[in-house]
file entry-v2.pdb (PDB, N, CA and C atoms)
MODEL        1
ATOM      1  N   MET A   1       0.847  -1.166   0.000
ATOM      2  CA  MET A   1       0.000   0.000   0.000
ATOM      3  C   MET A   1       0.895   1.233   0.000
ATOM      4  N   PRO A   2       0.891   1.976  -1.097
ATOM      5  CA  PRO A   2       1.706   3.189  -1.146
ATOM      6  C   PRO A   2       1.249   4.221  -0.110
ATOM      7  N   ASN A   3       2.221   4.864   0.499
ATOM      8  CA  ASN A   3       1.982   5.931   1.476
ATOM      9  C   ASN A   3       2.775   7.148   1.031
ATOM     10  N   THR A   4       2.166   8.324   1.105
ATOM     11  CA  THR A   4       2.866   9.528   0.682
ATOM     12  C   THR A   4       2.370  10.736   1.450
ATOM     13  N   GLY A   5       3.180  11.729   1.538
ATOM     14  CA  GLY A   5       2.762  13.004   2.098
ATOM     15  C   GLY A   5       2.072  13.866   1.062
ATOM     16  N   ARG A   6       2.128  13.428  -0.160
ATOM     17  CA  ARG A   6       1.532  14.172  -1.265
ATOM     18  C   ARG A   6       0.124  13.673  -1.570
ATOM     19  N   SER A   7      -0.444  14.233  -2.606
ATOM     20  CA  SER A   7      -1.780  13.854  -3.048
ATOM     21  C   SER A   7      -1.799  12.419  -3.579
ATOM     22  N   PHE A   8      -2.925  11.751  -3.443
ATOM     23  CA  PHE A   8      -3.070  10.405  -4.015
ATOM     24  C   PHE A   8      -2.952  10.453  -5.532
ATOM     25  N   LYS A   9      -3.263  11.586  -6.119
ATOM     26  CA  LYS A   9      -3.127  11.703  -7.571
ATOM     27  C   LYS A   9      -1.662  11.690  -8.002
ATOM     28  N   SER A  10      -0.765  12.052  -7.109
ATOM     29  CA  SER A  10       0.659  12.096  -7.455
ATOM     30  C   SER A  10       1.272  10.707  -7.613
ATOM     31  N   VAL A  11       0.590   9.662  -7.169
ATOM     32  CA  VAL A  11       1.153   8.307  -7.250
ATOM     33  C   VAL A  11       0.507   7.448  -8.342
ATOM     34  N   GLN A  12      -0.272   8.059  -9.215
ATOM     35  CA  GLN A  12      -0.988   7.280 -10.231
ATOM     36  C   GLN A  12      -0.038   6.510 -11.157
ATOM     37  N   GLU A  13       1.066   7.121 -11.561
ATOM     38  CA  GLU A  13       2.019   6.412 -12.423
ATOM     39  C   GLU A  13       2.669   5.250 -11.677
ATOM     40  N   LEU A  14       2.965   5.436 -10.403
ATOM     41  CA  LEU A  14       3.514   4.355  -9.585
ATOM     42  C   LEU A  14       2.522   3.207  -9.483
ATOM     43  N   LEU A  15       1.249   3.524  -9.300
ATOM     44  CA  LEU A  15       0.229   2.478  -9.226
ATOM     45  C   LEU A  15       0.174   1.672 -10.523
ATOM     46  N   LYS A  16       0.337   2.336 -11.648
ATOM     47  CA  LYS A  16       0.373   1.629 -12.941
ATOM     48  C   LYS A  16       1.555   0.677 -12.980
ATOM     49  N   THR A  17       2.718   1.153 -12.536
ATOM     50  CA  THR A  17       3.925   0.320 -12.517
ATOM     51  C   THR A  17       3.744  -0.904 -11.628
ATOM     52  N   LEU A  18       3.062  -0.724 -10.500
ATOM     53  CA  LEU A  18       2.862  -1.810  -9.542
ATOM     54  C   LEU A  18       1.671  -2.704  -9.878
ATOM     55  N   GLY A  19       0.921  -2.335 -10.915
ATOM     56  CA  GLY A  19      -0.265  -3.114 -11.286
ATOM     57  C   GLY A  19      -1.439  -2.894 -10.351
ATOM     58  N   LEU A  20      -1.456  -1.747  -9.665
ATOM     59  CA  LEU A  20      -2.509  -1.443  -8.697
ATOM     60  C   LEU A  20      -3.454  -0.350  -9.177
ATOM     61  N   TYR A  21      -3.180   0.199 -10.326
ATOM     62  CA  TYR A  21      -3.968   1.318 -10.848
ATOM     63  C   TYR A  21      -5.421   0.914 -11.075
ATOM     64  N   ASP A  22      -6.348   1.705 -10.541
ATOM     65  CA  ASP A  22      -7.790   1.518 -10.715
ATOM     66  C   ASP A  22      -8.270   0.141 -10.245
ATOM     67  N   GLN A  23      -7.605  -0.415  -9.230
ATOM     68  CA  GLN A  23      -7.955  -1.737  -8.710
ATOM     69  C   GLN A  23      -8.792  -1.620  -7.442
ATOM     70  N   ALA A  24      -9.904  -2.327  -7.407
ATOM     71  CA  ALA A  24     -10.730  -2.393  -6.192
ATOM     72  C   ALA A  24      -9.976  -3.163  -5.114
ATOM     73  N   GLY A  25     -10.170  -2.778  -3.877
ATOM     74  CA  GLY A  25      -9.524  -3.473  -2.765
ATOM     75  C   GLY A  25      -8.056  -3.121  -2.596
ATOM     76  N   GLN A  26      -7.582  -2.100  -3.299
ATOM     77  CA  GLN A  26      -6.212  -1.606  -3.166
ATOM     78  C   GLN A  26      -6.302  -0.118  -2.819
ATOM     79  N   TYR A  27      -5.365   0.341  -1.999
ATOM     80  CA  TYR A  27      -5.518   1.667  -1.414
ATOM     81  C   TYR A  27      -4.219   2.458  -1.446
ATOM     82  N   VAL A  28      -4.354   3.770  -1.275
ATOM     83  CA  VAL A  28      -3.234   4.686  -1.095
ATOM     84  C   VAL A  28      -3.512   5.500   0.155
ATOM     85  N   ILE A  29      -2.515   5.635   0.997
ATOM     86  CA  ILE A  29      -2.587   6.543   2.129
ATOM     87  C   ILE A  29      -1.825   7.791   1.707
ATOM     88  N   SER A  30      -2.500   8.936   1.748
ATOM     89  CA  SER A  30      -1.862  10.153   1.252
ATOM     90  C   SER A  30      -2.027  11.303   2.237
ATOM     91  N   TYR A  31      -1.419  12.421   1.874
ATOM     92  CA  TYR A  31      -1.442  13.611   2.727
ATOM     93  C   TYR A  31      -0.991  13.278   4.149
ATOM     94  N   ASN A  32       0.097  12.512   4.250
ATOM     95  CA  ASN A  32       0.651  12.120   5.555
ATOM     96  C   ASN A  32      -0.367  11.443   6.454
ATOM     97  N   GLY A  33      -1.214  10.620   5.855
ATOM     98  CA  GLY A  33      -2.207   9.871   6.621
ATOM     99  C   GLY A  33      -3.556  10.554   6.730
ATOM    100  N   ALA A  34      -3.700  11.737   6.151
ATOM    101  CA  ALA A  34      -4.965  12.476   6.269
ATOM    102  C   ALA A  34      -6.034  11.975   5.300
ATOM    103  N   ALA A  35      -5.663  11.117   4.351
ATOM    104  CA  ALA A  35      -6.658  10.580   3.418
ATOM    105  C   ALA A  35      -6.327   9.132   3.070
ATOM    106  N   ILE A  36      -7.349   8.305   3.038
ATOM    107  CA  ILE A  36      -7.225   6.928   2.556
ATOM    108  C   ILE A  36      -8.143   6.819   1.351
ATOM    109  N   VAL A  37      -7.568   6.388   0.241
ATOM    110  CA  VAL A  37      -8.280   6.382  -1.028
ATOM    111  C   VAL A  37      -8.183   5.000  -1.657
ATOM    112  N   GLU A  38      -9.328   4.464  -2.083
ATOM    113  CA  GLU A  38      -9.313   3.203  -2.827
ATOM    114  C   GLU A  38      -8.910   3.526  -4.261
ATOM    115  N   ASN A  39      -8.046   2.706  -4.815
ATOM    116  CA  ASN A  39      -7.536   2.964  -6.159
ATOM    117  C   ASN A  39      -8.627   2.919  -7.221
ATOM    118  N   LYS A  40      -9.638   2.089  -7.039
ATOM    119  CA  LYS A  40     -10.728   2.011  -8.010
ATOM    120  C   LYS A  40     -11.478   3.346  -8.018
ATOM    121  N   ASP A  41     -11.382   4.046  -9.097
ATOM    122  CA  ASP A  41     -12.046   5.343  -9.273
ATOM    123  C   ASP A  41     -11.609   6.409  -8.271
ATOM    124  N   ASN A  42     -10.445   6.218  -7.623
ATOM    125  CA  ASN A  42      -9.947   7.176  -6.621
ATOM    126  C   ASN A  42     -11.030   7.538  -5.614
ATOM    127  N   GLN A  43     -11.668   6.525  -5.084
ATOM    128  CA  GLN A  43     -12.752   6.694  -4.116
ATOM    129  C   GLN A  43     -12.176   7.049  -2.746
ATOM    130  N   VAL A  44     -12.445   8.263  -2.267
ATOM    131  CA  VAL A  44     -11.965   8.694  -0.951
ATOM    132  C   VAL A  44     -12.782   7.988   0.115
ATOM    133  N   LEU A  45     -12.109   7.240   0.988
ATOM    134  CA  LEU A  45     -12.790   6.489   2.038
ATOM    135  C   LEU A  45     -12.767   7.204   3.381
ATOM    136  N   LEU A  46     -11.679   7.939   3.639
ATOM    137  CA  LEU A  46     -11.528   8.583   4.941
ATOM    138  C   LEU A  46     -10.657   9.813   4.785
ATOM    139  N   THR A  47     -11.042  10.887   5.440
ATOM    140  CA  THR A  47     -10.189  12.071   5.510
ATOM    141  C   THR A  47     -10.134  12.567   6.944
ATOM    142  N   ARG A  48      -9.025  13.118   7.292
ATOM    143  CA  ARG A  48      -8.824  13.699   8.618
ATOM    144  C   ARG A  48      -8.191  15.073   8.429
ATOM    145  N   GLY A  49      -9.022  16.084   8.394
ATOM    146  CA  GLY A  49      -8.523  17.440   8.206
ATOM    147  C   GLY A  49      -8.023  18.032   9.513
ATOM    148  N   MET A  50      -7.185  19.038   9.380
ATOM    149  CA  MET A  50      -6.666  19.742  10.546
ATOM    150  C   MET A  50      -7.538  20.974  10.795
ATOM    151  N   ASP A  51      -7.845  21.241  12.044
ATOM    152  CA  ASP A  51      -8.593  22.423  12.418
ATOM    153  C   ASP A  51      -7.827  23.673  11.970
ATOM    154  N   LEU A  52      -8.521  24.624  11.386
ATOM    155  CA  LEU A  52      -7.893  25.827  10.858
ATOM    156  C   LEU A  52      -7.134  26.593  11.934
ATOM    157  N   ALA A  53      -7.685  26.700  13.124
ATOM    158  CA  ALA A  53      -7.007  27.428  14.206
ATOM    159  C   ALA A  53      -5.663  26.786  14.538
ATOM    160  N   LEU A  54      -5.614  25.459  14.565
ATOM    161  CA  LEU A  54      -4.357  24.767  14.834
ATOM    162  C   LEU A  54      -3.370  24.984  13.692
ATOM    163  N   ALA A  55      -3.849  24.913  12.466
ATOM    164  CA  ALA A  55      -2.974  25.145  11.312
ATOM    165  C   ALA A  55      -2.369  26.539  11.354
ATOM    166  N   GLU A  56      -3.160  27.515  11.738
ATOM    167  CA  GLU A  56      -2.654  28.890  11.842
ATOM    168  C   GLU A  56      -1.580  29.010  12.920
ATOM    169  N   LYS A  57      -1.774  28.344  14.056
ATOM    170  CA  LYS A  57      -0.752  28.375  15.125
ATOM    171  C   LYS A  57       0.551  27.755  14.640
ATOM    172  N   ILE A  58       0.445  26.637  13.954
ATOM    173  CA  ILE A  58       1.654  25.970  13.440
ATOM    174  C   ILE A  58       2.352  26.856  12.422
ATOM    175  N   PHE A  59       1.590  27.463  11.534
ATOM    176  CA  PHE A  59       2.159  28.338  10.527
ATOM    177  C   PHE A  59       2.886  29.515  11.203
ATOM    178  N   LYS A  60       2.241  30.146  12.164
ATOM    179  CA  LYS A  60       2.838  31.283  12.854
ATOM    180  C   LYS A  60       4.090  30.880  13.615
ATOM    181  N   ALA A  61       4.103  29.694  14.201
ATOM    182  CA  ALA A  61       5.276  29.224  14.937
ATOM    183  C   ALA A  61       6.465  29.037  13.999
ATOM    184  N   GLY A  62       6.202  28.708  12.762
ATOM    185  CA  GLY A  62       7.283  28.521  11.795
ATOM    186  C   GLY A  62       7.880  29.818  11.311
ATOM    187  N   LEU A  63       7.223  30.929  11.570
ATOM    188  CA  LEU A  63       7.704  32.228  11.104
ATOM    189  C   LEU A  63       8.752  32.833  12.035
ATOM    190  N   VAL A  64       8.932  32.272  13.223
ATOM    191  CA  VAL A  64       9.892  32.818  14.167
ATOM    192  C   VAL A  64      11.279  32.327  13.928
TER     193      VAL A  64
ENDMDL
END
call {"tool": "encode", "arguments": {"input": "entry-v2.pdb", "output": "structure tokens"}}
result
Amino acid sequence: MPNTGRSFKSVQELLKTLGLYDQAGQYVISYNGAAIVENKDNQVLLTRGMDLALAEKIFKAGLV
């Protein structure tokens, strides 16, 4: 099961190479675990978004 910090769309060529492209029962974990997508039709099964207030705090902390 491919895992990436990037979009699930970014691994489509890899899925073709591995023979997993558009396959039911095969998945990609993307966005550092924030999305689980079934390869068949890129069906999003689960997403875990970050609260905007927390994202803003993290962003501001990186500016120092």
call {"tool": "closest_residue", "arguments": {"input": "entry-v2.pdb", "among": "A:Tyr21, A:Phe8, A:Val64, A:Leu54", "to": "Ile36 in chain A", "atoms": "only C-alpha atoms"}}
result
A:Phe8
call {"tool": "select_by_dssp", "arguments": {"input": "entry-v2.pdb", "residues": "range 7-39 of chain A", "states": "helix (DSSP H, G or I)", "output": "ChimeraX atom specification"}}
result
/A:8-18,31-33
call {"tool": "atom_distance", "arguments": {"input": "entry-v2.pdb", "atom1": "CA of Leu18 in chain A", "atom2": "CA of Asn39 in chain A"}}
result
11.9 Å
call {"tool": "closest_residue", "arguments": {"input": "entry-v2.pdb", "among": "A:Gln12, A:Thr17, A:Gln23, A:Asn32", "to": "Thr47 in chain A", "atoms": "only C-alpha atoms"}}
result
A:Asn32
call {"tool": "residues_around", "arguments": {"input": "entry-v2.pdb", "residues": "Val37 in chain A", "least_positions_apart": "3", "cutoff": "12 Å", "atoms": "only C-alpha atoms", "output": "PyMOL selection string"}}
result
chain A and resi 1-4+7-9+11-12+21-31+33-34+40-47
call {"tool": "atom_distance", "arguments": {"input": "entry-v2.pdb", "atom1": "CA of Ala61 in chain A", "atom2": "CA of Arg48 in chain A"}}
result
21.9 Å
call {"tool": "closest_residue", "arguments": {"input": "entry-v2.pdb", "among": "A:Arg6, A:Glu38, A:Ile58, A:Ala53", "to": "Leu20 in chain A", "atoms": "only C-alpha atoms"}}
result
A:Glu38
call {"tool": "atom_distance", "arguments": {"input": "entry-v2.pdb", "atom1": "atom N of Gly49 in chain A", "atom2": "atom N of Ala35 in chain A"}}
result
7.2 Å
call {"tool": "decode", "arguments": {"input": "entry-v2.pdb", "residues": "range 19-47 of chain A", "atoms": "N, CA, C and O atoms", "output": "tab-separated table (two decimals), in the first residue's frame"}}
result
chain	number	residue	atom	x	y	z
A	19	GLY	N	0.92	-2.33	-10.92
A	19	GLY	CA	-0.27	-3.11	-11.29
A	19	GLY	C	-1.44	-2.89	-10.35
A	19	GLY	O	-2.33	-3.73	-10.25
A	20	LEU	N	-1.46	-1.75	-9.66
A	20	LEU	CA	-2.51	-1.44	-8.70
A	20	LEU	C	-3.45	-0.35	-9.18
A	20	LEU	O	-4.43	-0.04	-8.50
A	21	TYR	N	-3.18	0.20	-10.33
A	21	TYR	CA	-3.97	1.32	-10.85
A	21	TYR	C	-5.42	0.91	-11.07
A	21	TYR	O	-5.70	-0.11	-11.69
A	22	ASP	N	-6.35	1.70	-10.54
A	22	ASP	CA	-7.79	1.52	-10.72
A	22	ASP	C	-8.27	0.14	-10.24
A	22	ASP	O	-9.24	-0.40	-10.76
A	23	GLN	N	-7.60	-0.42	-9.23
A	23	GLN	CA	-7.96	-1.74	-8.71
A	23	GLN	C	-8.79	-1.62	-7.44
A	23	GLN	O	-8.42	-0.90	-6.50
A	24	ALA	N	-9.90	-2.33	-7.41
A	24	ALA	CA	-10.73	-2.39	-6.19
A	24	ALA	C	-9.98	-3.16	-5.11
A	24	ALA	O	-9.20	-4.07	-5.41
A	25	GLY	N	-10.17	-2.78	-3.88
A	25	GLY	CA	-9.52	-3.47	-2.76
A	25	GLY	C	-8.06	-3.12	-2.60
A	25	GLY	O	-7.36	-3.75	-1.81
A	26	GLN	N	-7.58	-2.10	-3.30
A	26	GLN	CA	-6.21	-1.61	-3.17
A	26	GLN	C	-6.30	-0.12	-2.82
A	26	GLN	O	-7.18	0.58	-3.31
A	27	TYR	N	-5.37	0.34	-2.00
A	27	TYR	CA	-5.52	1.67	-1.41
A	27	TYR	C	-4.22	2.46	-1.45
A	27	TYR	O	-3.13	1.90	-1.58
A	28	VAL	N	-4.35	3.77	-1.27
A	28	VAL	CA	-3.23	4.69	-1.10
A	28	VAL	C	-3.51	5.50	0.16
A	28	VAL	O	-4.63	5.98	0.36
A	29	ILE	N	-2.51	5.63	1.00
A	29	ILE	CA	-2.59	6.54	2.13
A	29	ILE	C	-1.83	7.79	1.71
A	29	ILE	O	-0.66	7.71	1.32
A	30	SER	N	-2.50	8.94	1.75
A	30	SER	CA	-1.86	10.15	1.25
A	30	SER	C	-2.03	11.30	2.24
A	30	SER	O	-2.69	11.17	3.27
A	31	TYR	N	-1.42	12.42	1.87
A	31	TYR	CA	-1.44	13.61	2.73
A	31	TYR	C	-0.99	13.28	4.15
A	31	TYR	O	-1.63	13.67	5.13
A	32	ASN	N	0.10	12.51	4.25
A	32	ASN	CA	0.65	12.12	5.56
A	32	ASN	C	-0.37	11.44	6.45
A	32	ASN	O	-0.41	11.66	7.65
A	33	GLY	N	-1.21	10.62	5.86
A	33	GLY	CA	-2.21	9.87	6.62
A	33	GLY	C	-3.56	10.55	6.73
A	33	GLY	O	-4.47	10.01	7.33
A	34	ALA	N	-3.70	11.74	6.15
A	34	ALA	CA	-4.96	12.48	6.27
A	34	ALA	C	-6.03	11.97	5.30
A	34	ALA	O	-7.19	12.34	5.43
A	35	ALA	N	-5.66	11.12	4.35
A	35	ALA	CA	-6.66	10.58	3.42
A	35	ALA	C	-6.33	9.13	3.07
A	35	ALA	O	-5.16	8.79	2.84
A	36	ILE	N	-7.35	8.30	3.04
A	36	ILE	CA	-7.23	6.93	2.56
A	36	ILE	C	-8.14	6.82	1.35
A	36	ILE	O	-9.33	7.14	1.43
A	37	VAL	N	-7.57	6.39	0.24
A	37	VAL	CA	-8.28	6.38	-1.03
A	37	VAL	C	-8.18	5.00	-1.66
A	37	VAL	O	-7.10	4.42	-1.74
A	38	GLU	N	-9.33	4.46	-2.08
A	38	GLU	CA	-9.31	3.20	-2.83
A	38	GLU	C	-8.91	3.53	-4.26
A	38	GLU	O	-9.37	4.50	-4.85
A	39	ASN	N	-8.05	2.71	-4.82
A	39	ASN	CA	-7.54	2.96	-6.16
A	39	ASN	C	-8.63	2.92	-7.22
A	39	ASN	O	-8.55	3.64	-8.22
A	40	LYS	N	-9.64	2.09	-7.04
A	40	LYS	CA	-10.73	2.01	-8.01
A	40	LYS	C	-11.48	3.35	-8.02
A	40	LYS	O	-12.08	3.73	-7.02
A	41	ASP	N	-11.38	4.05	-9.10
A	41	ASP	CA	-12.05	5.34	-9.27
A	41	ASP	C	-11.61	6.41	-8.27
A	41	ASP	O	-12.32	7.38	-8.04
A	42	ASN	N	-10.45	6.22	-7.62
A	42	ASN	CA	-9.95	7.18	-6.62
A	42	ASN	C	-11.03	7.54	-5.61
A	42	ASN	O	-11.27	8.71	-5.30
A	43	GLN	N	-11.67	6.53	-5.08
A	43	GLN	CA	-12.75	6.69	-4.12
A	43	GLN	C	-12.18	7.05	-2.75
A	43	GLN	O	-11.49	6.23	-2.13
A	44	VAL	N	-12.44	8.26	-2.27
A	44	VAL	CA	-11.97	8.69	-0.95
A	44	VAL	C	-12.78	7.99	0.11
A	44	VAL	O	-14.00	8.11	0.16
A	45	LEU	N	-12.11	7.24	0.99
A	45	LEU	CA	-12.79	6.49	2.04
A	45	LEU	C	-12.77	7.20	3.38
A	45	LEU	O	-13.69	7.07	4.18
A	46	LEU	N	-11.68	7.94	3.64
A	46	LEU	CA	-11.53	8.58	4.94
A	46	LEU	C	-10.66	9.81	4.79
A	46	LEU	O	-9.65	9.77	4.07
A	47	THR	N	-11.04	10.89	5.44
A	47	THR	CA	-10.19	12.07	5.51
A	47	THR	C	-10.13	12.57	6.94
A	47	THR	O	-11.08	12.40	7.71
